[in-house]
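The file entry-v7.cif contains mmCIF, C-alpha atoms:
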```cif
data_entry
#
loop_
_atom_site.label_atom_id
_atom_site.label_comp_id
_atom_site.auth_asym_id
_atom_site.auth_seq_id
_atom_site.Cartn_x
_atom_site.Cartn_y
_atom_site.Cartn_z
CA MET I 1 7.05 11.98 21.91
CA ASP I 2 9.61 9.77 20.21
CA ASN I 3 8.26 8.79 16.78
CA PHE I 4 9.08 5.09 17.33
CA LYS I 5 7.07 4.96 20.56
CA LYS I 6 4.25 6.97 19.04
CA ALA I 7 4.07 4.56 16.10
CA TYR I 8 3.94 1.47 18.32
CA ASP I 9 1.29 3.12 20.53
CA LEU I 10 -0.87 3.96 17.52
CA LEU I 11 -0.62 0.43 16.13
CA LYS I 12 -1.38 -1.20 19.49
CA ALA I 13 -4.42 1.00 20.05
CA TRP I 14 -5.68 0.08 16.58
CA LYS I 15 -4.98 -3.64 16.28
CA GLY I 16 -4.57 -4.87 19.84
CA ASP I 17 -3.56 -8.55 20.01
CA SER I 18 -4.43 -9.27 16.36
CA TYR I 19 -1.11 -7.78 15.26
CA VAL I 20 2.38 -8.82 16.35
CA CYS I 21 5.18 -6.52 15.20
CA GLY I 22 8.70 -5.49 16.13
CA LEU I 23 12.23 -6.83 15.89
CA GLY I 24 12.70 -10.60 16.33
CA CYS I 25 9.06 -11.74 16.53
CA LEU I 26 8.91 -14.09 13.51
CA ASP I 27 9.03 -17.28 15.56
CA GLU I 28 5.68 -16.47 17.16
CA VAL I 29 3.86 -17.50 13.98
CA GLY I 30 3.54 -21.14 15.10
CA THR I 31 1.57 -20.19 18.19
CA ILE I 32 -0.67 -17.94 16.09
CA ALA I 33 -1.32 -20.68 13.53
CA LYS I 34 -2.11 -23.20 16.26
CA GLY I 35 -5.01 -21.01 17.30
CA TYR I 36 -6.62 -21.58 13.89
CA ALA I 37 -5.57 -25.17 13.22
CA GLY I 38 -6.33 -26.60 16.65
CA ASP I 39 -5.37 -30.25 17.16
CA ASN I 40 -6.49 -31.65 13.80
CA GLY I 41 -6.48 -28.80 11.30
CA LYS I 42 -3.92 -27.96 8.66
CA VAL I 43 -2.68 -24.65 7.28
CA LEU I 44 -1.83 -23.79 3.68
CA VAL I 45 1.55 -22.04 3.54
CA VAL I 46 2.04 -19.70 0.56
CA SER I 47 5.52 -18.34 -0.07
CA ASN I 48 8.32 -17.81 -2.52
CA MET I 49 10.94 -20.51 -1.99
CA THR I 50 13.97 -18.89 -3.60
CA TYR I 51 14.94 -15.53 -2.08
CA MET I 52 12.24 -15.89 0.61
CA LYS I 53 13.28 -19.42 1.59
CA PRO I 54 15.13 -18.47 4.81
CA VAL I 55 12.00 -16.76 6.12
CA ALA I 56 9.70 -19.55 4.96
CA ASP I 57 11.98 -22.15 6.59
CA ARG I 58 11.74 -20.31 9.91
CA VAL I 59 7.97 -20.18 9.61
CA LEU I 60 7.82 -23.91 8.81
CA ALA I 61 10.06 -24.66 11.79
CA SER I 62 7.81 -22.60 14.06
CA LEU I 63 4.73 -24.43 12.76
CA GLU I 64 6.38 -27.80 13.38
CA LYS I 65 7.38 -26.79 16.89
CA SER I 66 3.77 -25.83 17.61
CA GLY I 67 2.43 -29.07 16.17
CA VAL I 68 0.74 -27.45 13.16
CA GLU I 69 0.58 -29.57 9.99
CA VAL I 70 1.20 -28.01 6.58
CA ALA I 71 -1.53 -28.81 4.05
CA GLY I 72 -0.16 -30.99 1.26
CA GLY I 73 3.17 -31.25 3.04
CA ALA I 74 4.66 -28.53 0.87
CA VAL I 75 4.62 -24.79 0.28
CA CYS I 76 2.26 -23.32 -2.32
CA PRO I 77 4.16 -20.97 -4.69
CA ASP I 78 3.45 -17.29 -4.08
CA ALA I 79 2.11 -14.61 -6.42
CA LYS I 80 4.22 -12.69 -8.87
CA PRO I 81 4.56 -8.90 -8.47
CA ASN I 82 1.28 -6.98 -8.52
CA ALA I 83 -0.75 -10.16 -7.86
CA PRO I 84 -1.71 -11.24 -11.41
CA ARG I 85 -5.17 -12.75 -11.54
CA GLU I 86 -3.88 -16.12 -12.75
CA ASP I 87 -1.91 -16.49 -9.51
CA VAL I 88 -5.10 -15.80 -7.55
CA TYR I 89 -6.85 -18.60 -9.41
CA ARG I 90 -3.89 -20.95 -8.87
CA ILE I 91 -3.78 -20.34 -5.11
CA THR I 92 -7.55 -20.79 -5.02
CA THR I 93 -7.16 -24.33 -6.37
CA TYR I 94 -4.80 -25.16 -3.47
CA VAL I 95 -7.37 -23.88 -0.98
CA LEU I 96 -10.15 -25.88 -2.62
CA GLN I 97 -8.03 -29.05 -2.77
CA TYR I 98 -6.71 -29.00 0.79
CA GLN I 99 -9.52 -27.20 2.68
CA PRO I 100 -7.08 -25.63 5.20
CA SER I 101 -8.09 -24.14 8.53
CA ALA I 102 -6.12 -21.03 7.60
CA ILE I 103 -3.86 -19.61 4.89
CA ILE I 104 -0.39 -18.50 6.03
CA ALA I 105 0.63 -15.85 3.48
CA ILE I 106 4.37 -15.15 3.66
CA GLY I 107 5.52 -12.22 1.57
CA GLY I 108 4.85 -8.66 0.55
CA GLY I 109 1.69 -7.02 -0.70
CA SER I 110 1.35 -9.10 -3.85
CA THR I 111 1.31 -12.46 -2.08
CA ILE I 112 -0.94 -11.26 0.73
CA ASP I 113 -3.36 -9.60 -1.68
CA ALA I 114 -3.50 -12.76 -3.80
CA CYS I 115 -4.23 -14.89 -0.72
CA LYS I 116 -7.00 -12.53 0.38
CA ALA I 117 -8.61 -12.82 -3.03
CA ALA I 118 -8.07 -16.60 -3.14
CA SER I 119 -9.90 -16.96 0.17
CA VAL I 120 -12.81 -15.07 -1.36
CA LEU I 121 -12.95 -17.21 -4.52
CA ALA I 122 -12.57 -20.48 -2.60
CA THR I 123 -15.42 -19.47 -0.28
CA LEU I 124 -17.84 -17.74 -2.64
CA GLY I 125 -16.85 -19.13 -6.04
CA GLY I 126 -19.27 -22.05 -5.89
CA LYS I 127 -22.05 -20.00 -4.29
CA VAL I 128 -21.84 -16.74 -6.24
CA THR I 129 -19.27 -16.72 -9.07
CA PRO I 130 -15.64 -17.88 -9.49
CA GLU I 131 -14.85 -14.82 -11.65
CA ILE I 132 -12.59 -12.39 -9.79
CA ASP I 133 -13.94 -9.38 -11.71
CA TYR I 134 -17.27 -9.60 -9.91
CA TYR I 135 -15.66 -8.74 -6.57
CA PHE I 136 -13.83 -5.59 -7.68
CA GLY I 137 -15.20 -2.47 -6.05
CA THR I 138 -16.41 -1.77 -2.53
CA GLY I 139 -18.30 -4.01 -0.11
CA LYS I 140 -19.39 -6.76 -2.50
CA ILE I 141 -17.84 -9.58 -0.46
CA THR I 142 -19.49 -8.60 2.82
CA ALA I 143 -22.84 -8.45 1.03
CA GLU I 144 -22.41 -11.94 -0.42
CA LEU I 145 -21.20 -13.40 2.86
CA GLU I 146 -24.33 -12.07 4.53
CA LYS I 147 -26.55 -13.53 1.81
CA THR I 148 -24.92 -16.96 1.79
CA GLY I 149 -23.94 -17.33 5.44
CA ALA I 150 -20.46 -18.40 4.29
CA LYS I 151 -17.23 -17.61 6.15
CA LEU I 152 -13.90 -16.80 4.54
CA VAL I 153 -10.87 -18.99 5.14
CA PRO I 154 -8.81 -16.97 7.67
CA VAL I 155 -5.64 -15.40 6.29
CA VAL I 156 -2.65 -15.08 8.62
CA ALA I 157 -0.40 -12.51 6.97
CA VAL I 158 3.34 -12.78 7.61
CA GLU I 159 4.62 -9.53 6.11
CA THR I 160 8.20 -9.53 4.84
CA SER I 161 8.46 -6.19 3.07
CA ALA I 162 7.99 -2.64 4.27
CA SER I 163 5.49 -1.76 1.61
CA SER I 164 1.76 -1.64 1.07
CA GLY I 165 0.30 -2.47 4.47
CA ALA I 166 -1.57 -5.36 2.83
CA HIS I 167 -1.26 -7.37 6.05
CA LEU I 168 -3.40 -4.82 7.90
CA THR I 169 -5.98 -3.59 5.45
CA LYS I 170 -9.25 -4.19 3.62
CA TYR I 171 -7.68 -3.83 0.18
CA SER I 172 -6.62 -6.39 -2.39
CA ASN I 173 -4.96 -5.10 -5.56
CA ILE I 174 -5.18 -7.58 -8.42
CA THR I 175 -3.66 -7.05 -11.88
CA ASP I 176 -4.80 -8.02 -15.34
CA PRO I 177 -1.36 -8.37 -16.98
CA VAL I 178 -2.85 -8.52 -20.49
CA VAL I 179 -3.93 -4.87 -20.33
CA GLY I 180 -1.43 -3.85 -17.64
CA GLN I 181 -4.15 -2.51 -15.36
CA LYS I 182 -4.55 -3.01 -11.62
CA LYS I 183 -8.00 -3.21 -10.05
CA LEU I 184 -9.08 -3.09 -6.46
CA ILE I 185 -11.19 -5.09 -4.03
CA VAL I 186 -12.18 -3.00 -1.00
CA ASP I 187 -13.96 -4.84 1.80
CA PRO I 188 -13.47 -5.12 5.58
CA ALA I 189 -14.19 -8.85 5.32
CA ILE I 190 -10.75 -9.46 3.75
CA VAL I 191 -8.66 -7.88 6.50
CA PRO I 192 -6.26 -10.67 7.59
CA ALA I 193 -7.48 -12.39 10.76
CA THR I 194 -4.05 -12.05 12.37
CA SER I 195 -0.86 -10.44 11.11
CA LEU I 196 2.81 -10.55 12.01
CA PHE I 197 5.67 -8.36 10.84
CA ASP I 198 9.23 -8.89 12.05
CA TYR I 199 10.91 -5.72 10.80
CA GLU I 200 14.31 -7.39 11.03
CA VAL I 201 13.35 -9.64 8.10
CA THR I 202 13.37 -6.62 5.79
CA CYS I 203 17.17 -6.39 6.13
CA SER I 204 17.29 -9.07 3.44
CA MET I 205 15.10 -7.03 1.10
CA PRO I 206 16.74 -5.05 -1.73
CA VAL I 207 17.15 -1.38 -0.89
CA ARG I 208 15.00 -0.33 -3.85
CA VAL I 209 12.10 -2.42 -2.51
CA THR I 210 12.31 -0.76 0.91
CA ILE I 211 12.57 2.71 -0.64
CA ASP I 212 9.48 1.92 -2.71
CA GLY I 213 7.74 1.04 0.55
CA ALA I 214 8.95 4.23 2.22
CA LEU I 215 7.43 6.30 -0.57
CA ASP I 216 4.23 4.28 -0.23
CA ALA I 217 4.11 5.13 3.49
CA ILE I 218 4.24 8.82 2.64
CA ALA I 219 1.63 8.33 -0.09
CA HIS I 220 -0.85 6.48 2.12
CA THR I 221 -0.65 8.87 5.03
CA PHE I 222 -0.39 12.05 2.97
CA GLU I 223 -3.29 11.20 0.64
CA VAL I 224 -5.54 10.19 3.53
CA PHE I 225 -4.56 13.31 5.49
CA CYS I 226 -5.32 15.50 2.49
CA GLY I 227 -8.85 14.11 2.31
CA ALA I 228 -9.52 13.95 6.07
CA LYS I 229 -12.43 15.86 7.53
CA GLY I 230 -14.29 16.14 10.82
CA ASP I 231 -13.43 13.65 13.53
CA LYS I 232 -10.95 11.84 11.26
CA TYR I 233 -8.70 14.85 10.81
CA ASP I 234 -6.71 14.60 14.04
CA MET I 235 -6.04 10.86 13.64
CA ALA I 236 -4.99 11.31 10.01
CA LYS I 237 -2.71 14.16 11.08
CA ASP I 238 -1.05 12.00 13.78
CA LEU I 239 -0.49 9.16 11.33
CA CYS I 240 0.89 11.42 8.61
CA GLU I 241 3.21 13.42 10.89
CA THR I 242 4.65 10.25 12.46
CA ALA I 243 5.05 8.25 9.25
CA VAL I 244 6.50 11.07 7.16
CA SER I 245 8.94 11.98 9.95
CA LEU I 246 10.12 8.37 10.24
CA VAL I 247 10.63 8.11 6.48
CA VAL I 248 12.41 11.44 6.05
CA ASP I 249 14.67 10.75 9.06
CA TRP I 250 15.59 7.13 8.26
CA ALA I 251 15.16 6.21 4.56
CA GLY I 252 18.53 7.67 3.63
CA LYS I 253 20.22 5.62 6.34
CA ILE I 254 19.08 2.39 4.66
CA ILE I 255 20.83 3.49 1.48
CA GLU I 256 23.99 4.07 3.53
CA ASN I 257 23.68 0.74 5.38
CA PRO I 258 21.02 -1.77 4.23
CA LYS I 259 21.57 -3.83 7.43
CA ASP I 260 20.70 -0.93 9.75
CA THR I 261 17.97 -2.59 11.83
CA LYS I 262 16.87 0.67 13.44
CA ALA I 263 16.31 2.22 10.03
CA ARG I 264 14.49 -0.92 8.85
CA GLU I 265 12.29 -0.75 11.95
CA ALA I 266 11.51 2.90 11.22
CA ILE I 267 10.41 2.24 7.65
CA GLY I 268 8.44 -0.84 8.74
CA LEU I 269 6.58 1.25 11.30
CA ALA I 270 5.97 4.01 8.76
CA THR I 271 4.47 1.59 6.24
CA ASP I 272 2.29 0.07 8.97
CA LEU I 273 1.00 3.54 9.81
CA GLY I 274 0.29 3.88 6.09
CA GLY I 275 -1.83 0.75 6.37
CA TYR I 276 -3.65 2.26 9.34
CA ALA I 277 -4.23 5.46 7.39
CA ILE I 278 -6.01 3.76 4.51
CA MET I 279 -8.40 2.17 6.99
CA VAL I 280 -9.18 5.66 8.34
CA GLY I 281 -9.70 7.29 4.96
CA GLY I 282 -9.13 6.76 1.27
CA THR I 283 -6.24 7.39 -1.08
CA SER I 284 -6.88 9.36 -4.22
CA GLY I 285 -5.16 10.73 -7.32
CA ALA I 286 -1.62 9.39 -7.00
CA HIS I 287 -2.84 5.90 -6.21
CA LEU I 288 -5.26 5.98 -9.10
CA THR I 289 -2.50 6.92 -11.54
CA SER I 290 -0.14 4.32 -10.06
CA PHE I 291 -2.52 1.52 -11.10
CA SER I 292 -1.73 2.29 -14.74
CA LEU I 293 2.05 2.10 -14.24
CA VAL I 294 2.27 -1.42 -12.81
CA ASP I 295 4.24 -2.75 -15.79
CA ILE I 296 7.13 -0.30 -15.43
CA VAL I 297 7.59 0.81 -11.81
CA GLY I 298 6.87 -0.16 -8.20
CA HIS I 299 3.60 1.01 -6.72
CA GLY I 300 5.07 3.19 -3.95
CA THR I 301 7.50 4.85 -6.34
CA ALA I 302 4.68 5.61 -8.77
CA CYS I 303 2.71 7.25 -5.95
CA GLY I 304 5.84 9.07 -4.82
CA ILE I 305 6.26 10.55 -8.27
CA MET I 306 2.65 11.69 -8.54
CA ASN I 307 1.86 13.12 -5.10
CA PRO I 308 3.83 16.37 -5.48
CA TYR I 309 1.87 17.16 -8.64
CA TYR I 310 -1.51 16.27 -7.19
CA ALA I 311 -0.64 18.40 -4.14
CA VAL I 312 -0.59 21.45 -6.39
CA PHE I 313 -3.91 20.45 -7.98
CA TYR I 314 -5.47 20.07 -4.50
CA SER I 315 -3.93 23.33 -3.26
CA LYS I 316 -7.10 25.24 -2.39
CA ALA I 317 -8.53 22.37 -0.32
CA ILE I 318 -5.46 21.28 1.67
CA GLN I 319 -3.76 24.39 3.02
CA PRO I 320 -3.64 23.14 6.68
CA GLN I 321 -2.26 19.77 5.56
CA LEU I 322 0.38 21.42 3.41
CA LYS I 323 1.51 23.49 6.41
CA VAL I 324 1.97 20.33 8.51
CA VAL I 325 3.81 18.30 5.89
CA GLY I 326 5.81 21.25 4.64
CA SER I 327 7.15 21.93 8.13
CA ILE I 328 8.41 18.33 8.41
CA PHE I 329 10.39 18.57 5.20
CA ALA I 330 11.63 22.09 5.92
CA SER I 331 12.84 21.13 9.42
CA ARG I 332 14.97 18.40 7.80
CA GLY I 333 16.48 20.79 5.27
CA PHE I 334 14.27 20.05 2.27
CA GLY I 335 12.63 22.90 0.38
CA ARG I 336 12.23 26.51 1.38
CA LYS I 337 13.15 27.60 4.87
CA ASP I 338 10.26 30.10 4.98
CA MET I 339 7.62 27.42 4.38
CA ASP I 340 5.57 28.51 7.40
CA THR I 341 5.04 31.98 5.91
CA LEU I 342 3.60 30.80 2.60
CA GLU I 343 -0.03 30.50 1.53
CA GLY I 344 -2.11 29.36 -1.42
CA ARG I 345 -0.55 27.91 -4.54
CA GLU I 346 2.86 29.23 -3.52
CA LEU I 347 2.74 26.98 -0.45
CA ALA I 348 1.59 24.00 -2.52
CA GLU I 349 4.41 24.44 -5.01
CA ALA I 350 6.95 24.83 -2.20
CA VAL I 351 5.80 21.58 -0.55
CA SER I 352 5.82 19.86 -3.94
CA GLU I 353 9.39 20.99 -4.55
CA ALA I 354 10.43 19.81 -1.07
CA MET I 355 8.93 16.37 -1.70
CA ILE I 356 10.76 16.18 -5.01
CA GLU I 357 14.02 17.25 -3.38
CA PHE I 358 13.64 14.52 -0.75
CA ALA I 359 12.90 11.90 -3.41
CA LYS I 360 16.08 12.86 -5.25
CA SER I 361 18.06 12.47 -2.00
CA ILE I 362 17.04 8.79 -1.84
CA ASN I 363 17.66 8.22 -5.55
CA ALA I 364 13.97 7.95 -6.43
CA PRO I 365 12.58 9.16 -9.78
CA THR I 366 10.63 12.41 -9.65
CA LYS I 367 9.05 12.53 -13.12
CA LEU I 368 7.17 9.94 -15.14
CA THR I 369 9.75 10.31 -17.87
CA ASP I 370 12.44 9.23 -15.40
CA ILE I 371 10.90 5.73 -15.45
CA PRO I 372 12.51 3.39 -17.99
CA GLY I 373 9.79 2.21 -20.35
CA TYR I 374 7.39 5.08 -19.77
CA LYS I 375 5.55 6.00 -22.98
CA HIS I 376 3.13 8.88 -23.26
CA ASP I 377 0.98 7.17 -25.87
CA VAL I 378 0.71 4.06 -23.70
CA HIS I 379 0.80 5.05 -20.03
CA PHE I 380 -0.71 8.52 -20.21
CA VAL I 381 -3.59 7.18 -22.29
CA ARG I 382 -4.02 4.19 -19.98
CA ALA I 383 -4.12 6.41 -16.88
CA ILE I 384 -6.72 8.73 -18.37
CA THR I 385 -8.84 5.77 -19.49
CA ALA I 386 -8.59 4.07 -16.09
CA ALA I 387 -9.66 7.25 -14.31
CA LYS I 388 -12.98 6.97 -16.12
CA ASP I 389 -13.49 3.32 -15.11
CA PRO I 390 -16.55 3.00 -12.83
CA ASP I 391 -14.71 0.38 -10.70
CA LEU I 392 -12.13 3.03 -9.77
CA LYS I 393 -14.44 6.01 -9.29
CA MET I 394 -13.85 5.89 -5.52
CA LYS I 395 -10.39 7.36 -6.13
CA LEU I 396 -11.89 10.35 -7.93
CA GLN I 397 -14.42 10.86 -5.17
CA ASN I 398 -11.75 10.53 -2.46
CA MET I 399 -9.84 13.48 -3.86
CA PRO I 400 -9.80 16.59 -1.64
CA VAL I 401 -11.21 18.24 -4.76
CA PRO I 402 -13.71 15.55 -5.87
CA MET I 403 -13.71 14.84 -9.57
CA THR I 404 -16.04 12.96 -11.88
CA ALA I 405 -15.14 11.05 -15.02
CA ASP I 406 -16.29 14.09 -17.03
CA ASP I 407 -13.58 16.22 -15.37
CA VAL I 408 -10.66 13.90 -16.13
CA ASP I 409 -9.60 15.30 -19.49
CA GLU I 410 -9.71 18.92 -18.34
CA TYR I 411 -8.11 18.60 -14.92
CA MET I 412 -6.29 15.29 -14.52
CA ALA I 413 -4.56 15.40 -17.90
CA PRO I 414 -2.59 18.56 -16.99
CA VAL I 415 -1.44 16.91 -13.74
CA LEU I 416 -0.09 13.95 -15.69
CA LEU I 417 1.57 16.21 -18.24
CA ALA I 418 3.24 18.15 -15.41
CA ALA I 419 4.48 14.87 -13.96
CA GLU I 420 6.04 14.05 -17.33
CA THR I 421 8.00 17.31 -17.50
CA GLY I 422 8.39 18.39 -13.87
CA ASP I 423 6.81 21.76 -14.73
CA LEU I 424 4.20 22.65 -12.09
CA SER I 425 2.92 25.74 -13.89
CA GLY I 426 0.54 23.89 -16.22
CA ILE I 427 -1.49 22.28 -13.42
CA LYS I 428 -5.05 23.66 -13.36
CA GLU I 429 -6.99 24.03 -10.12
CA MET I 430 -10.70 23.31 -9.86
#
```

This structure in C-alpha cells:
Amino acid sequence: MDNFKKAYDLLKAWKGDSYVCGLGCLDEVGTIAKGYAGDNGKVLVVSNMTYMKPVADRVLASLEKSGVEVAGGAVCPDAKPNAPREDVYRITTYVLQYQPSAIIAIGGGSTIDACKAASVLATLGGKVTPEIDYYFGTGKITAELEKTGAKLVPVVAVETSASSGAHLTKYSNITDPVVGQKKLIVDPAIVPATSLFDYEVTCSMPVRVTIDGALDAIAHTFEVFCGAKGDKYDMAKDLCETAVSLVVDWAGKIIENPKDTKAREAIGLATDLGGYAIMVGGTSGAHLTSFSLVDIVGHGTACGIMNPYYAVFYSKAIQPQLKVVGSIFASRGFGRKDMDTLEGRELAEAVSEAMIEFAKSINAPTKLTDIPGYKHDVHFVRAITAAKDPDLKMKLQNMPVPMTADDVDEYMAPVLLAAETGDLSGIKEM
C-alpha cells in the first residue's frame, strides 16, 4: 500500500473526527471552535505574532467568519522554545482572567504543550496547587480531576510544525530554563480535545525545523517499536515502517526544495504517526537523554543523534525490530546491502551505521560533539543526573532492556561516551 494512504488510514482509524489533517484544511478551524464556544462563548487564541502571523491571521479570519469571539480581543503571546515554565504561568493568567470556552493553541510543540499545562493550572491550581512541579509524572491530573470533579478547559491544537505530535498526545514537556532540564507531564486528560494540522503551512517553516521533526518521527516510532510487546507489536511495526519510510524517502527532497508540498505532507504524516506511536507505547533512552540537551539542540535532532547508540545497547532485545528498520534503510541505499543476513550485535551496529549515514545525508549531526555548545562536564553530567531523577524513571523502565537508577553509571554512561566519539565499540550490553 502507498505509504501516504496507509498513514491517512492509520490516523483516521485512531482519531476519527477529532482530527482534521491534510493539505489546505486550515480554514476549518472556525467551525471547530464554534462547537466549543457556542453562541455566547469566547476562545483564547495563543500564537506567535511575528513569523507565525500569516497563520494566526487566517485562524482569526476563520473564527470571525464562524461568529466566534476572541477573548480579550487580542492574541495571547505563545511560549518560547521548549515551553519554559514561566510561559505556562503567563498563559495560565490569561485563562484565569478571560475564562474562555476553549484555548486555540497555534504553533508547534512548545506552544501546544504550554497550553495543555496552562489548562491544568487554571483548572486545578485553586483546588490542588498552582505549582507546575506537582503535576510532573504520570496520571496525576486524571486523579485530581476525579477527586475534585473539575473539567479542563478544552485545548484546540492548531499544529504548524512537523515535529513532536503534541497536538495528538498525552504529553506536555515543560522546561526549567534555570537548570536547563526538561520534565514531563504524562496524562490522557491533556490530549487536545480537537486538533488540526494543515501540512501546507509547514512550507513556511525553516528547513532545519522540519528536519528536526523528521528525526523526531523516526525517534518516536522506532523507540516505541523497540519496546513493543504482545498485541502492541503489530501496530507499532506498522507505524514505524510507514513513518520511517516516509522520512527516508522525502526528507532530502525538502532540503532540495523547501516549498515541495508533497514532501512537507510526507513529513507531516510521519510526525503524526510518531504522535500515534507514543500513545501506543513509550519512548526510552534517546528521549531521556534529549531532555538534558534542550539548551543546545532541537529535541528531534537530539533523539536522532542518540538512537543509533541506544540501538546497539538494546541489541539483544530488539533483533526483529532491527531487521525491519534495517531493511528500510538498506533498500534506500543506506548501510550494508547484506543487512538481512546479519544477526546479533553485528546487525545492531549495521543498523546504527545506516541511521548515521542517513542523518549525514540530510545534514544532521551524528555525534554529541557535533553540537555547538556541547560540553562533557555540563551535558554529560546533566544527562546522567537526570536519568536518576524519579520523575523520569518511566524512560528507564520503557527501555527494551529495562534499567534502574543504579544501572545508569555502568550502562548508560558508555552509551553517552560513544555518542560523543561515534565509536560503537565501547557500548556495554546488559

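Among the candidates I:Thr142, I:Ser425, I:Thr301, I:Gln99, the one nearest to Ala359 in chain I when counting all atoms listed in the file is I:Thr301.
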
### Message
Translate the PyMOL selection byres ((chain I and resi 204-218) around 8) into a concrete residue list for this structure, as an MDAnalysis selection string.
### Response
chainID I and resid 161:164 201:203 219:222 240 243:244 247 251 254:255 258:259 267 270:275 298:301 303:304 362 364

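For the structure shown here, the set of residues caught by the PyMOL selection byres ((chain I and resi 2) around 12) is Met1, Asn3, Phe4, Lys5, Lys6, Ala7, Tyr8, Asp9, Glu241, Thr242, Ala243, Ser245, Leu246 and Ala266 of chain I.
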
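Across the structure, CA of Asp377 in chain I and CA of Ala83 in chain I are spaced 25.1 Å apart.
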
Let me know the residues the PyMOL selection byres ((chain I and resi 290-296) around 9) catches in the file above, as a compact mmCIF listing (two decimals) with C-alpha atoms, keeping the file's coordinate frame.
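The resulting file, expr.txt, is reproduced below:
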```
# COMPACT_ATOMS: atom_id res chain seq x y z
CA PRO I 81 4.56 -8.90 -8.47
CA ASN I 82 1.28 -6.98 -8.52
CA ASN I 173 -4.96 -5.10 -5.56
CA THR I 175 -3.66 -7.05 -11.88
CA PRO I 177 -1.36 -8.37 -16.98
CA GLY I 180 -1.43 -3.85 -17.64
CA GLN I 181 -4.15 -2.51 -15.36
CA LYS I 182 -4.55 -3.01 -11.62
CA LYS I 183 -8.00 -3.21 -10.05
CA GLY I 285 -5.16 10.73 -7.32
CA ALA I 286 -1.62 9.39 -7.00
CA HIS I 287 -2.84 5.90 -6.21
CA LEU I 288 -5.26 5.98 -9.10
CA THR I 289 -2.50 6.92 -11.54
CA VAL I 297 7.59 0.81 -11.81
CA GLY I 298 6.87 -0.16 -8.20
CA HIS I 299 3.60 1.01 -6.72
CA GLY I 300 5.07 3.19 -3.95
CA THR I 301 7.50 4.85 -6.34
CA ALA I 302 4.68 5.61 -8.77
CA CYS I 303 2.71 7.25 -5.95
CA MET I 306 2.65 11.69 -8.54
CA ILE I 371 10.90 5.73 -15.45
CA PRO I 372 12.51 3.39 -17.99
CA GLY I 373 9.79 2.21 -20.35
CA TYR I 374 7.39 5.08 -19.77
CA HIS I 379 0.80 5.05 -20.03
CA PHE I 380 -0.71 8.52 -20.21
CA ARG I 382 -4.02 4.19 -19.98
CA ALA I 383 -4.12 6.41 -16.88
CA ILE I 384 -6.72 8.73 -18.37
CA ALA I 386 -8.59 4.07 -16.09
```

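Going from CA of Asp238 in chain I to CA of Leu168 in chain I covers 18.0 Å.
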
### Task
Name the residues, using the chain letters and numbers of the file, that sit within 12 Å of (-11.9, -28.2, 5.2) when counting all atoms listed in the file, and give them as a VMD selection string.
chain I and resid 37 40 to 44 71 94 to 103 122 to 123 151 to 154

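Nearest to Val68 in chain I of all the residues I:Gln321, I:Thr148, I:Thr138, I:Thr31 is I:Thr31, counting all atoms listed in the file.
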
### Task
May I ask which of the residues I:Gly126, I:Gly73, I:Asp176, I:Pro400 is the closest one to Phe225 in chain I, counting all atoms listed in the file?
I:Pro400

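If you measure from each of I:Lys323, I:Pro414, I:Pro54, I:Val280 to Asp234 in chain I using only C-alpha atoms, the closest one turns out to be I:Val280.
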
### Query
What is the CA of Ser195 in chain I to CA of Tyr19 in chain I distance in Å?
4.9 Å

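The closest residue to Thr194 in chain I, picked from I:Lys253, I:Lys80, I:His376, I:His167 and counting only C-alpha atoms, is I:His167.
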
### Query
If you count all atoms listed in the file, which residues fall within 12 Å of Lys127 in chain I, apart from same-chain ones fewer than 2 positions away, as number ranges by chain?
I: 120-125, 129-131, 141, 144-145, 147-151
